[in-house]
Amino acid sequence: MKKDNLSDQFQVNEQIRAREVRIVGEGLEAKVVPLREALKIADEMELDLVMISPNAVPPVCRIVDFSKFLYQLKKKQKEAKAKQVKIDVKEIRFGPQTDDHDYNFKLKHAIGFLQNGDKVKAYVFFRGRSILFKEQGEKLLARFSKDLEEYGKQEQAPVLEGKRMTIFISPKKGAAAKKSDAPKQEVKSEE
């Protein structure tokens, strides 16, 4: 049988060790009672006493059907998870001397990534003595960012980290909905 994380998070009925508890529930007014009395009330209603706030003084317990309570919690968590948006970061690599055809090819891919709602990490990789041409890399990334202005916005100025000069471009708010089943793509070329 599958281990249930939620049921382990809550103390139920006899697992509760507090002397007094504040009881809440449907059709009940909140009041502080001894634990034995709270258990007796829950038993009379044929429900469970579930500690929902152990750090409160006195601890807060709800009188509820425990299995129904867990079901509702799982349902809320599932809904919250469905509303989350996952943003992937796609990388595009340039060399300091990338020619126009390669640049346009990579630009077209970057536009597609931004339209799908992905972030784009563009970087110029300097090999050997090509680090002397930092200005060319900066110009290339500035041009790339300018060409993508209508699809996304640049998050920061080009940053040189070791042999890489990097920028991040995030999609504009009106980007198309992301296709969760679309295959992941990365565009890299050696220059």
# chains A, B, ... in the order shown; residues from 1 in each chain; ligands from 1

$ residues_around --residues "region 37-43 of chain A" --least-positions-apart "3" --cutoff "12 Å" --atoms "only C-alpha atoms" --output "MDAnalysis selection string"
chainID A and resid 12:26 28 30:34 46:51 59:66

$ write_last_selection --atoms "N, CA and C atoms" --output "compact mmCIF listing (two decimals), in the first residue's frame"
# COMPACT_ATOMS: atom_id res chain seq x y z
N VAL A 12 -4.32 12.47 15.25
CA VAL A 12 -5.76 12.18 15.22
C VAL A 12 -6.15 11.44 16.49
N ASN A 13 -7.28 11.82 17.07
CA ASN A 13 -7.89 11.16 18.23
C ASN A 13 -6.89 10.88 19.35
N GLU A 14 -6.56 9.63 19.62
CA GLU A 14 -5.71 9.26 20.75
C GLU A 14 -4.24 9.64 20.56
N GLN A 15 -3.85 10.05 19.39
CA GLN A 15 -2.47 10.47 19.17
C GLN A 15 -2.20 11.86 19.77
N ILE A 16 -3.24 12.62 20.02
CA ILE A 16 -3.11 13.97 20.55
C ILE A 16 -2.71 13.89 22.03
N ARG A 17 -1.69 14.65 22.43
CA ARG A 17 -1.15 14.57 23.79
C ARG A 17 -1.35 15.86 24.60
N ALA A 18 -2.06 16.84 24.10
CA ALA A 18 -2.26 18.10 24.83
C ALA A 18 -3.30 17.91 25.94
N ARG A 19 -3.22 18.72 26.99
CA ARG A 19 -4.20 18.63 28.09
C ARG A 19 -5.51 19.28 27.68
N GLU A 20 -5.39 20.48 27.09
CA GLU A 20 -6.57 21.21 26.65
C GLU A 20 -6.43 21.51 25.16
N VAL A 21 -7.56 21.57 24.48
CA VAL A 21 -7.56 21.90 23.06
C VAL A 21 -8.70 22.87 22.76
N ARG A 22 -8.51 23.65 21.71
CA ARG A 22 -9.58 24.51 21.21
C ARG A 22 -10.24 23.73 20.08
N ILE A 23 -11.53 23.47 20.20
CA ILE A 23 -12.21 22.68 19.17
C ILE A 23 -12.99 23.60 18.23
N VAL A 24 -12.93 23.26 16.94
CA VAL A 24 -13.69 23.96 15.92
C VAL A 24 -14.30 22.91 15.00
N GLY A 25 -15.31 23.28 14.28
CA GLY A 25 -15.93 22.35 13.35
C GLY A 25 -17.27 22.90 12.90
N GLU A 26 -17.88 22.23 11.94
CA GLU A 26 -19.17 22.68 11.45
C GLU A 26 -20.22 22.50 12.53
N LEU A 28 -20.29 23.92 15.38
CA LEU A 28 -19.71 24.06 16.72
C LEU A 28 -19.17 25.48 16.88
N ALA A 30 -16.29 27.75 18.60
CA ALA A 30 -14.92 27.50 19.05
C ALA A 30 -14.86 27.68 20.57
N LYS A 31 -14.33 26.66 21.25
CA LYS A 31 -14.19 26.75 22.70
C LYS A 31 -13.04 25.87 23.15
N VAL A 32 -12.49 26.22 24.30
CA VAL A 32 -11.37 25.48 24.89
C VAL A 32 -11.95 24.47 25.87
N VAL A 33 -11.58 23.19 25.66
CA VAL A 33 -12.07 22.11 26.53
C VAL A 33 -10.92 21.14 26.82
N PRO A 34 -11.05 20.35 27.89
CA PRO A 34 -10.04 19.31 28.14
C PRO A 34 -10.07 18.27 27.00
N GLU A 46 -19.67 10.91 15.84
CA GLU A 46 -19.11 9.86 14.99
C GLU A 46 -18.12 10.44 13.97
N LEU A 47 -17.28 11.35 14.47
CA LEU A 47 -16.23 11.98 13.64
C LEU A 47 -14.90 11.86 14.37
N ASP A 48 -13.85 12.39 13.75
CA ASP A 48 -12.52 12.33 14.33
C ASP A 48 -12.10 13.70 14.85
N LEU A 49 -11.22 13.69 15.84
CA LEU A 49 -10.62 14.90 16.36
C LEU A 49 -9.24 15.02 15.72
N VAL A 50 -9.04 16.04 14.90
CA VAL A 50 -7.79 16.20 14.15
C VAL A 50 -7.11 17.49 14.59
N MET A 51 -5.83 17.39 15.01
CA MET A 51 -5.08 18.58 15.41
C MET A 51 -4.60 19.28 14.14
N PRO A 59 -3.58 24.07 21.53
CA PRO A 59 -3.63 23.56 20.15
C PRO A 59 -5.06 23.55 19.61
N VAL A 60 -5.19 23.81 18.31
CA VAL A 60 -6.50 23.85 17.67
C VAL A 60 -6.78 22.49 17.04
N CYS A 61 -7.96 21.94 17.35
CA CYS A 61 -8.37 20.66 16.79
C CYS A 61 -9.70 20.83 16.08
N ARG A 62 -9.85 20.18 14.97
CA ARG A 62 -11.09 20.24 14.21
C ARG A 62 -11.80 18.90 14.32
N ILE A 63 -13.11 18.97 14.51
CA ILE A 63 -13.92 17.74 14.53
C ILE A 63 -14.44 17.55 13.12
N VAL A 64 -13.94 16.49 12.48
CA VAL A 64 -14.22 16.27 11.06
C VAL A 64 -13.99 14.80 10.73
N ASP A 65 -14.55 14.34 9.62
CA ASP A 65 -14.25 13.00 9.12
C ASP A 65 -12.84 13.05 8.54
N PHE A 66 -11.89 12.31 9.13
CA PHE A 66 -10.48 12.43 8.76
C PHE A 66 -10.22 12.06 7.31

$ select_by_dssp --residues "region 43-145 of chain A" --states "helix (DSSP H, G or I)" --output "PyMOL selection string"
chain A and resi 43-44+66-83+100-115+128-145

$ closest_residue --among "A:Lys68, A:His109, A:Lys163, A:Arg36" --to "Phe126 (chain A)" --atoms "only C-alpha atoms"
A:Lys163

$ residues_around --residues "Tyr151 (chain A)" --least-positions-apart "5" --cutoff "8 Å" --atoms "only C-alpha atoms" --output "PyMOL selection string"
chain A and resi 111+114-115+171-172+175

$ closest_residue --among "A:Asp118, A:Glu29, A:Glu79, A:Glu91" --to "Lys173 (chain A)" --atoms "only C-alpha atoms"
A:Asp118

$ closest_residue --among "A:Gly117, A:Gly112, A:Pro58, A:Pro158" --to "Ile87 (chain A)" --atoms "only C-alpha atoms"
A:Gly117

$ closest_residue --among "A:Lys78, A:Arg93, A:Lys153, A:Lys108" --to "Tyr123 (chain A)" --atoms "only C-alpha atoms"
A:Arg93

$ residues_around --residues "Ser145 (chain A)" --least-positions-apart "4" --cutoff "8 Å" --atoms "only C-alpha atoms" --output "MDAnalysis selection string"
chainID A and resid 141 149 153:154 169

$ write_last_selection --atoms "N, CA and C atoms" --output "compact mmCIF listing (two decimals), in the first residue's frame"
# COMPACT_ATOMS: atom_id res chain seq x y z
N LEU A 141 25.59 40.24 -28.63
CA LEU A 141 24.50 40.04 -27.68
C LEU A 141 23.55 41.24 -27.64
N GLU A 149 13.38 42.34 -29.08
CA GLU A 149 12.63 43.26 -28.22
C GLU A 149 11.13 43.04 -28.25
N LYS A 153 12.03 40.58 -23.16
CA LYS A 153 12.88 41.67 -22.68
C LYS A 153 14.12 41.11 -22.00
N GLN A 154 15.19 41.85 -22.13
CA GLN A 154 16.46 41.45 -21.55
C GLN A 154 16.41 41.69 -20.05
N ILE A 169 16.94 36.47 -21.62
CA ILE A 169 15.80 37.18 -22.20
C ILE A 169 14.55 36.42 -21.78

$ residues_around --residues "Gln97 (chain A)" --least-positions-apart "4" --cutoff "12 Å" --atoms "only C-alpha atoms" --output "PyMOL selection string"
chain A and resi 93+101-103+124-127+130-131+133-141+190-191

$ write_last_selection --atoms "N, CA and C atoms" --output "PDB file, in the first residue's frame"
ATOM      1  N   ARG A  93      24.008  29.346 -28.151  1.00  0.00           N
ATOM      2  CA  ARG A  93      25.441  29.607 -28.046  1.00  0.00           C
ATOM      3  C   ARG A  93      25.960  30.253 -29.321  1.00  0.00           C
ATOM      4  N   HIS A 101      24.225  34.263 -41.375  1.00  0.00           N
ATOM      5  CA  HIS A 101      23.312  33.140 -41.597  1.00  0.00           C
ATOM      6  C   HIS A 101      23.089  32.362 -40.296  1.00  0.00           C
ATOM      7  N   ASP A 102      24.161  32.043 -39.576  1.00  0.00           N
ATOM      8  CA  ASP A 102      24.041  31.341 -38.299  1.00  0.00           C
ATOM      9  C   ASP A 102      23.265  32.186 -37.288  1.00  0.00           C
ATOM     10  N   TYR A 103      23.562  33.494 -37.285  1.00  0.00           N
ATOM     11  CA  TYR A 103      22.880  34.400 -36.369  1.00  0.00           C
ATOM     12  C   TYR A 103      21.367  34.388 -36.629  1.00  0.00           C
ATOM     13  N   VAL A 124      27.971  34.036 -25.566  1.00  0.00           N
ATOM     14  CA  VAL A 124      29.088  33.984 -26.503  1.00  0.00           C
ATOM     15  C   VAL A 124      30.208  33.262 -25.780  1.00  0.00           C
ATOM     16  N   PHE A 125      30.721  32.204 -26.415  1.00  0.00           N
ATOM     17  CA  PHE A 125      31.779  31.406 -25.805  1.00  0.00           C
ATOM     18  C   PHE A 125      33.103  31.787 -26.457  1.00  0.00           C
ATOM     19  N   PHE A 126      34.038  32.247 -25.642  1.00  0.00           N
ATOM     20  CA  PHE A 126      35.354  32.659 -26.139  1.00  0.00           C
ATOM     21  C   PHE A 126      36.338  31.519 -25.948  1.00  0.00           C
ATOM     22  N   ARG A 127      37.040  31.164 -27.044  1.00  0.00           N
ATOM     23  CA  ARG A 127      38.046  30.105 -26.989  1.00  0.00           C
ATOM     24  C   ARG A 127      39.433  30.692 -27.172  1.00  0.00           C
ATOM     25  N   SER A 130      40.507  34.305 -28.371  1.00  0.00           N
ATOM     26  CA  SER A 130      39.327  35.057 -28.811  1.00  0.00           C
ATOM     27  C   SER A 130      38.734  35.897 -27.676  1.00  0.00           C
ATOM     28  N   ILE A 131      39.211  35.694 -26.437  1.00  0.00           N
ATOM     29  CA  ILE A 131      38.748  36.499 -25.302  1.00  0.00           C
ATOM     30  C   ILE A 131      39.134  37.963 -25.507  1.00  0.00           C
ATOM     31  N   PHE A 133      38.432  39.618 -27.996  1.00  0.00           N
ATOM     32  CA  PHE A 133      37.363  40.255 -28.770  1.00  0.00           C
ATOM     33  C   PHE A 133      36.068  40.354 -27.959  1.00  0.00           C
ATOM     34  N   LYS A 134      36.207  40.771 -26.689  1.00  0.00           N
ATOM     35  CA  LYS A 134      35.032  40.893 -25.825  1.00  0.00           C
ATOM     36  C   LYS A 134      34.018  41.872 -26.409  1.00  0.00           C
ATOM     37  N   GLU A 135      34.518  42.937 -27.041  1.00  0.00           N
ATOM     38  CA  GLU A 135      33.624  43.960 -27.599  1.00  0.00           C
ATOM     39  C   GLU A 135      32.721  43.359 -28.675  1.00  0.00           C
ATOM     40  N   GLN A 136      33.279  42.445 -29.493  1.00  0.00           N
ATOM     41  CA  GLN A 136      32.476  41.802 -30.525  1.00  0.00           C
ATOM     42  C   GLN A 136      31.361  40.966 -29.899  1.00  0.00           C
ATOM     43  N   GLY A 137      31.678  40.275 -28.830  1.00  0.00           N
ATOM     44  CA  GLY A 137      30.668  39.482 -28.127  1.00  0.00           C
ATOM     45  C   GLY A 137      29.577  40.363 -27.550  1.00  0.00           C
ATOM     46  N   GLU A 138      29.975  41.498 -26.960  1.00  0.00           N
ATOM     47  CA  GLU A 138      28.996  42.431 -26.410  1.00  0.00           C
ATOM     48  C   GLU A 138      28.090  42.983 -27.493  1.00  0.00           C
ATOM     49  N   LYS A 139      28.681  43.341 -28.647  1.00  0.00           N
ATOM     50  CA  LYS A 139      27.891  43.868 -29.767  1.00  0.00           C
ATOM     51  C   LYS A 139      26.921  42.813 -30.284  1.00  0.00           C
ATOM     52  N   LEU A 140      27.387  41.577 -30.369  1.00  0.00           N
ATOM     53  CA  LEU A 140      26.547  40.483 -30.862  1.00  0.00           C
ATOM     54  C   LEU A 140      25.349  40.262 -29.935  1.00  0.00           C
ATOM     55  N   LEU A 141      25.593  40.242 -28.630  1.00  0.00           N
ATOM     56  CA  LEU A 141      24.502  40.043 -27.676  1.00  0.00           C
ATOM     57  C   LEU A 141      23.551  41.238 -27.637  1.00  0.00           C
ATOM     58  N   GLU A 190      29.317  24.973 -32.590  1.00  0.00           N
ATOM     59  CA  GLU A 190      30.723  25.201 -32.273  1.00  0.00           C
ATOM     60  C   GLU A 190      31.265  26.255 -33.238  1.00  0.00           C
ATOM     61  N   GLU A 191      31.824  27.314 -32.718  1.00  0.00           N
ATOM     62  CA  GLU A 191      32.403  28.355 -33.569  1.00  0.00           C
ATOM     63  C   GLU A 191      33.723  28.766 -32.999  1.00  0.00           C
TER      64      GLU A 191
END

$ closest_residue --among "A:Leu107, A:Ile92, A:Leu35, A:Val85" --to "Lys121 (chain A)" --atoms "only C-alpha atoms"
A:Ile92

$ decode --residues "region 1-33 of chain A" --atoms "N, CA, C and O atoms" --output "PDB file, in the first residue's frame"
ATOM      1  N   MET A   1       0.830  -1.183   0.000  1.00  0.00           N
ATOM      2  CA  MET A   1       0.000   0.000   0.000  1.00  0.00           C
ATOM      3  C   MET A   1       0.876   1.250   0.000  1.00  0.00           C
ATOM      4  O   MET A   1       1.935   1.282   0.611  1.00  0.00           O
ATOM      5  N   LYS A   2       0.445   2.277  -0.691  1.00  0.00           N
ATOM      6  CA  LYS A   2       1.218   3.510  -0.847  1.00  0.00           C
ATOM      7  C   LYS A   2       1.267   4.292   0.466  1.00  0.00           C
ATOM      8  O   LYS A   2       0.265   4.452   1.149  1.00  0.00           O
ATOM      9  N   LYS A   3       2.445   4.773   0.833  1.00  0.00           N
ATOM     10  CA  LYS A   3       2.629   5.549   2.057  1.00  0.00           C
ATOM     11  C   LYS A   3       2.013   6.928   1.866  1.00  0.00           C
ATOM     12  O   LYS A   3       2.248   7.594   0.875  1.00  0.00           O
ATOM     13  N   ASP A   4       1.209   7.385   2.809  1.00  0.00           N
ATOM     14  CA  ASP A   4       0.508   8.656   2.693  1.00  0.00           C
ATOM     15  C   ASP A   4       1.193   9.708   3.567  1.00  0.00           C
ATOM     16  O   ASP A   4       1.186   9.612   4.791  1.00  0.00           O
ATOM     17  N   ASN A   5       1.781  10.724   2.944  1.00  0.00           N
ATOM     18  CA  ASN A   5       2.498  11.768   3.676  1.00  0.00           C
ATOM     19  C   ASN A   5       1.553  12.638   4.496  1.00  0.00           C
ATOM     20  O   ASN A   5       1.885  13.054   5.585  1.00  0.00           O
ATOM     21  N   LEU A   6       0.382  12.955   3.953  1.00  0.00           N
ATOM     22  CA  LEU A   6      -0.538  13.861   4.636  1.00  0.00           C
ATOM     23  C   LEU A   6      -1.052  13.286   5.947  1.00  0.00           C
ATOM     24  O   LEU A   6      -1.157  13.999   6.940  1.00  0.00           O
ATOM     25  N   SER A   7      -1.368  12.000   5.959  1.00  0.00           N
ATOM     26  CA  SER A   7      -1.917  11.418   7.186  1.00  0.00           C
ATOM     27  C   SER A   7      -0.883  11.409   8.309  1.00  0.00           C
ATOM     28  O   SER A   7      -1.244  11.436   9.482  1.00  0.00           O
ATOM     29  N   ASP A   8       0.400  11.404   7.981  1.00  0.00           N
ATOM     30  CA  ASP A   8       1.458  11.434   8.992  1.00  0.00           C
ATOM     31  C   ASP A   8       1.652  12.831   9.573  1.00  0.00           C
ATOM     32  O   ASP A   8       2.242  12.986  10.638  1.00  0.00           O
ATOM     33  N   GLN A   9       1.163  13.859   8.881  1.00  0.00           N
ATOM     34  CA  GLN A   9       1.361  15.235   9.335  1.00  0.00           C
ATOM     35  C   GLN A   9       0.402  15.628  10.450  1.00  0.00           C
ATOM     36  O   GLN A   9       0.642  16.602  11.153  1.00  0.00           O
ATOM     37  N   PHE A  10      -0.678  14.905  10.615  1.00  0.00           N
ATOM     38  CA  PHE A  10      -1.699  15.285  11.575  1.00  0.00           C
ATOM     39  C   PHE A  10      -1.830  14.246  12.685  1.00  0.00           C
ATOM     40  O   PHE A  10      -1.746  13.051  12.437  1.00  0.00           O
ATOM     41  N   GLN A  11      -2.057  14.749  13.903  1.00  0.00           N
ATOM     42  CA  GLN A  11      -2.357  13.865  15.029  1.00  0.00           C
ATOM     43  C   GLN A  11      -3.874  13.709  15.090  1.00  0.00           C
ATOM     44  O   GLN A  11      -4.611  14.690  14.986  1.00  0.00           O
ATOM     45  N   VAL A  12      -4.325  12.466  15.248  1.00  0.00           N
ATOM     46  CA  VAL A  12      -5.755  12.184  15.219  1.00  0.00           C
ATOM     47  C   VAL A  12      -6.147  11.436  16.494  1.00  0.00           C
ATOM     48  O   VAL A  12      -5.438  10.517  16.936  1.00  0.00           O
ATOM     49  N   ASN A  13      -7.285  11.816  17.067  1.00  0.00           N
ATOM     50  CA  ASN A  13      -7.888  11.165  18.234  1.00  0.00           C
ATOM     51  C   ASN A  13      -6.890  10.881  19.351  1.00  0.00           C
ATOM     52  O   ASN A  13      -6.381  11.810  19.964  1.00  0.00           O
ATOM     53  N   GLU A  14      -6.559   9.625  19.622  1.00  0.00           N
ATOM     54  CA  GLU A  14      -5.707   9.255  20.750  1.00  0.00           C
ATOM     55  C   GLU A  14      -4.237   9.641  20.564  1.00  0.00           C
ATOM     56  O   GLU A  14      -3.455   9.551  21.503  1.00  0.00           O
ATOM     57  N   GLN A  15      -3.852  10.045  19.394  1.00  0.00           N
ATOM     58  CA  GLN A  15      -2.465  10.468  19.172  1.00  0.00           C
ATOM     59  C   GLN A  15      -2.200  11.857  19.770  1.00  0.00           C
ATOM     60  O   GLN A  15      -1.054  12.223  19.993  1.00  0.00           O
ATOM     61  N   ILE A  16      -3.240  12.615  20.018  1.00  0.00           N
ATOM     62  CA  ILE A  16      -3.109  13.974  20.554  1.00  0.00           C
ATOM     63  C   ILE A  16      -2.707  13.888  22.026  1.00  0.00           C
ATOM     64  O   ILE A  16      -3.301  13.137  22.804  1.00  0.00           O
ATOM     65  N   ARG A  17      -1.687  14.650  22.431  1.00  0.00           N
ATOM     66  CA  ARG A  17      -1.150  14.575  23.788  1.00  0.00           C
ATOM     67  C   ARG A  17      -1.350  15.857  24.600  1.00  0.00           C
ATOM     68  O   ARG A  17      -0.843  15.962  25.709  1.00  0.00           O
ATOM     69  N   ALA A  18      -2.063  16.839  24.103  1.00  0.00           N
ATOM     70  CA  ALA A  18      -2.262  18.096  24.826  1.00  0.00           C
ATOM     71  C   ALA A  18      -3.297  17.909  25.943  1.00  0.00           C
ATOM     72  O   ALA A  18      -4.154  17.022  25.866  1.00  0.00           O
ATOM     73  N   ARG A  19      -3.220  18.722  26.992  1.00  0.00           N
ATOM     74  CA  ARG A  19      -4.200  18.633  28.090  1.00  0.00           C
ATOM     75  C   ARG A  19      -5.514  19.282  27.680  1.00  0.00           C
ATOM     76  O   ARG A  19      -6.576  18.744  27.931  1.00  0.00           O
ATOM     77  N   GLU A  20      -5.394  20.480  27.092  1.00  0.00           N
ATOM     78  CA  GLU A  20      -6.570  21.210  26.646  1.00  0.00           C
ATOM     79  C   GLU A  20      -6.433  21.510  25.164  1.00  0.00           C
ATOM     80  O   GLU A  20      -5.317  21.688  24.669  1.00  0.00           O
ATOM     81  N   VAL A  21      -7.564  21.575  24.484  1.00  0.00           N
ATOM     82  CA  VAL A  21      -7.557  21.904  23.055  1.00  0.00           C
ATOM     83  C   VAL A  21      -8.697  22.869  22.756  1.00  0.00           C
ATOM     84  O   VAL A  21      -9.699  22.913  23.471  1.00  0.00           O
ATOM     85  N   ARG A  22      -8.507  23.647  21.708  1.00  0.00           N
ATOM     86  CA  ARG A  22      -9.577  24.509  21.207  1.00  0.00           C
ATOM     87  C   ARG A  22     -10.243  23.735  20.079  1.00  0.00           C
ATOM     88  O   ARG A  22      -9.575  23.350  19.119  1.00  0.00           O
ATOM     89  N   ILE A  23     -11.533  23.471  20.196  1.00  0.00           N
ATOM     90  CA  ILE A  23     -12.214  22.683  19.167  1.00  0.00           C
ATOM     91  C   ILE A  23     -12.994  23.603  18.227  1.00  0.00           C
ATOM     92  O   ILE A  23     -13.591  24.589  18.651  1.00  0.00           O
ATOM     93  N   VAL A  24     -12.932  23.262  16.941  1.00  0.00           N
ATOM     94  CA  VAL A  24     -13.691  23.963  15.915  1.00  0.00           C
ATOM     95  C   VAL A  24     -14.297  22.909  15.004  1.00  0.00           C
ATOM     96  O   VAL A  24     -13.838  21.769  14.967  1.00  0.00           O
ATOM     97  N   GLY A  25     -15.312  23.279  14.276  1.00  0.00           N
ATOM     98  CA  GLY A  25     -15.931  22.353  13.348  1.00  0.00           C
ATOM     99  C   GLY A  25     -17.266  22.902  12.898  1.00  0.00           C
ATOM    100  O   GLY A  25     -17.740  23.927  13.406  1.00  0.00           O
ATOM    101  N   GLU A  26     -17.881  22.234  11.944  1.00  0.00           N
ATOM    102  CA  GLU A  26     -19.174  22.676  11.447  1.00  0.00           C
ATOM    103  C   GLU A  26     -20.223  22.504  12.531  1.00  0.00           C
ATOM    104  O   GLU A  26     -20.340  21.447  13.148  1.00  0.00           O
ATOM    105  N   GLY A  27     -21.004  23.563  12.757  1.00  0.00           N
ATOM    106  CA  GLY A  27     -22.060  23.503  13.758  1.00  0.00           C
ATOM    107  C   GLY A  27     -21.554  23.607  15.177  1.00  0.00           C
ATOM    108  O   GLY A  27     -22.308  23.386  16.124  1.00  0.00           O
ATOM    109  N   LEU A  28     -20.292  23.919  15.377  1.00  0.00           N
ATOM    110  CA  LEU A  28     -19.714  24.064  16.719  1.00  0.00           C
ATOM    111  C   LEU A  28     -19.171  25.476  16.881  1.00  0.00           C
ATOM    112  O   LEU A  28     -18.618  26.040  15.947  1.00  0.00           O
ATOM    113  N   GLU A  29     -19.313  25.982  18.099  1.00  0.00           N
ATOM    114  CA  GLU A  29     -18.646  27.255  18.379  1.00  0.00           C
ATOM    115  C   GLU A  29     -17.260  26.929  18.932  1.00  0.00           C
ATOM    116  O   GLU A  29     -17.078  25.931  19.636  1.00  0.00           O
ATOM    117  N   ALA A  30     -16.290  27.753  18.603  1.00  0.00           N
ATOM    118  CA  ALA A  30     -14.924  27.505  19.053  1.00  0.00           C
ATOM    119  C   ALA A  30     -14.858  27.681  20.566  1.00  0.00           C
ATOM    120  O   ALA A  30     -15.282  28.714  21.093  1.00  0.00           O
ATOM    121  N   LYS A  31     -14.335  26.662  21.251  1.00  0.00           N
ATOM    122  CA  LYS A  31     -14.192  26.753  22.697  1.00  0.00           C
ATOM    123  C   LYS A  31     -13.038  25.870  23.152  1.00  0.00           C
ATOM    124  O   LYS A  31     -12.653  24.919  22.481  1.00  0.00           O
ATOM    125  N   VAL A  32     -12.490  26.223  24.301  1.00  0.00           N
ATOM    126  CA  VAL A  32     -11.374  25.475  24.885  1.00  0.00           C
ATOM    127  C   VAL A  32     -11.949  24.468  25.870  1.00  0.00           C
ATOM    128  O   VAL A  32     -12.709  24.828  26.773  1.00  0.00           O
ATOM    129  N   VAL A  33     -11.583  23.188  25.655  1.00  0.00           N
ATOM    130  CA  VAL A  33     -12.070  22.112  26.531  1.00  0.00           C
ATOM    131  C   VAL A  33     -10.921  21.144  26.816  1.00  0.00           C
ATOM    132  O   VAL A  33      -9.948  21.087  26.067  1.00  0.00           O
TER     133      VAL A  33
END
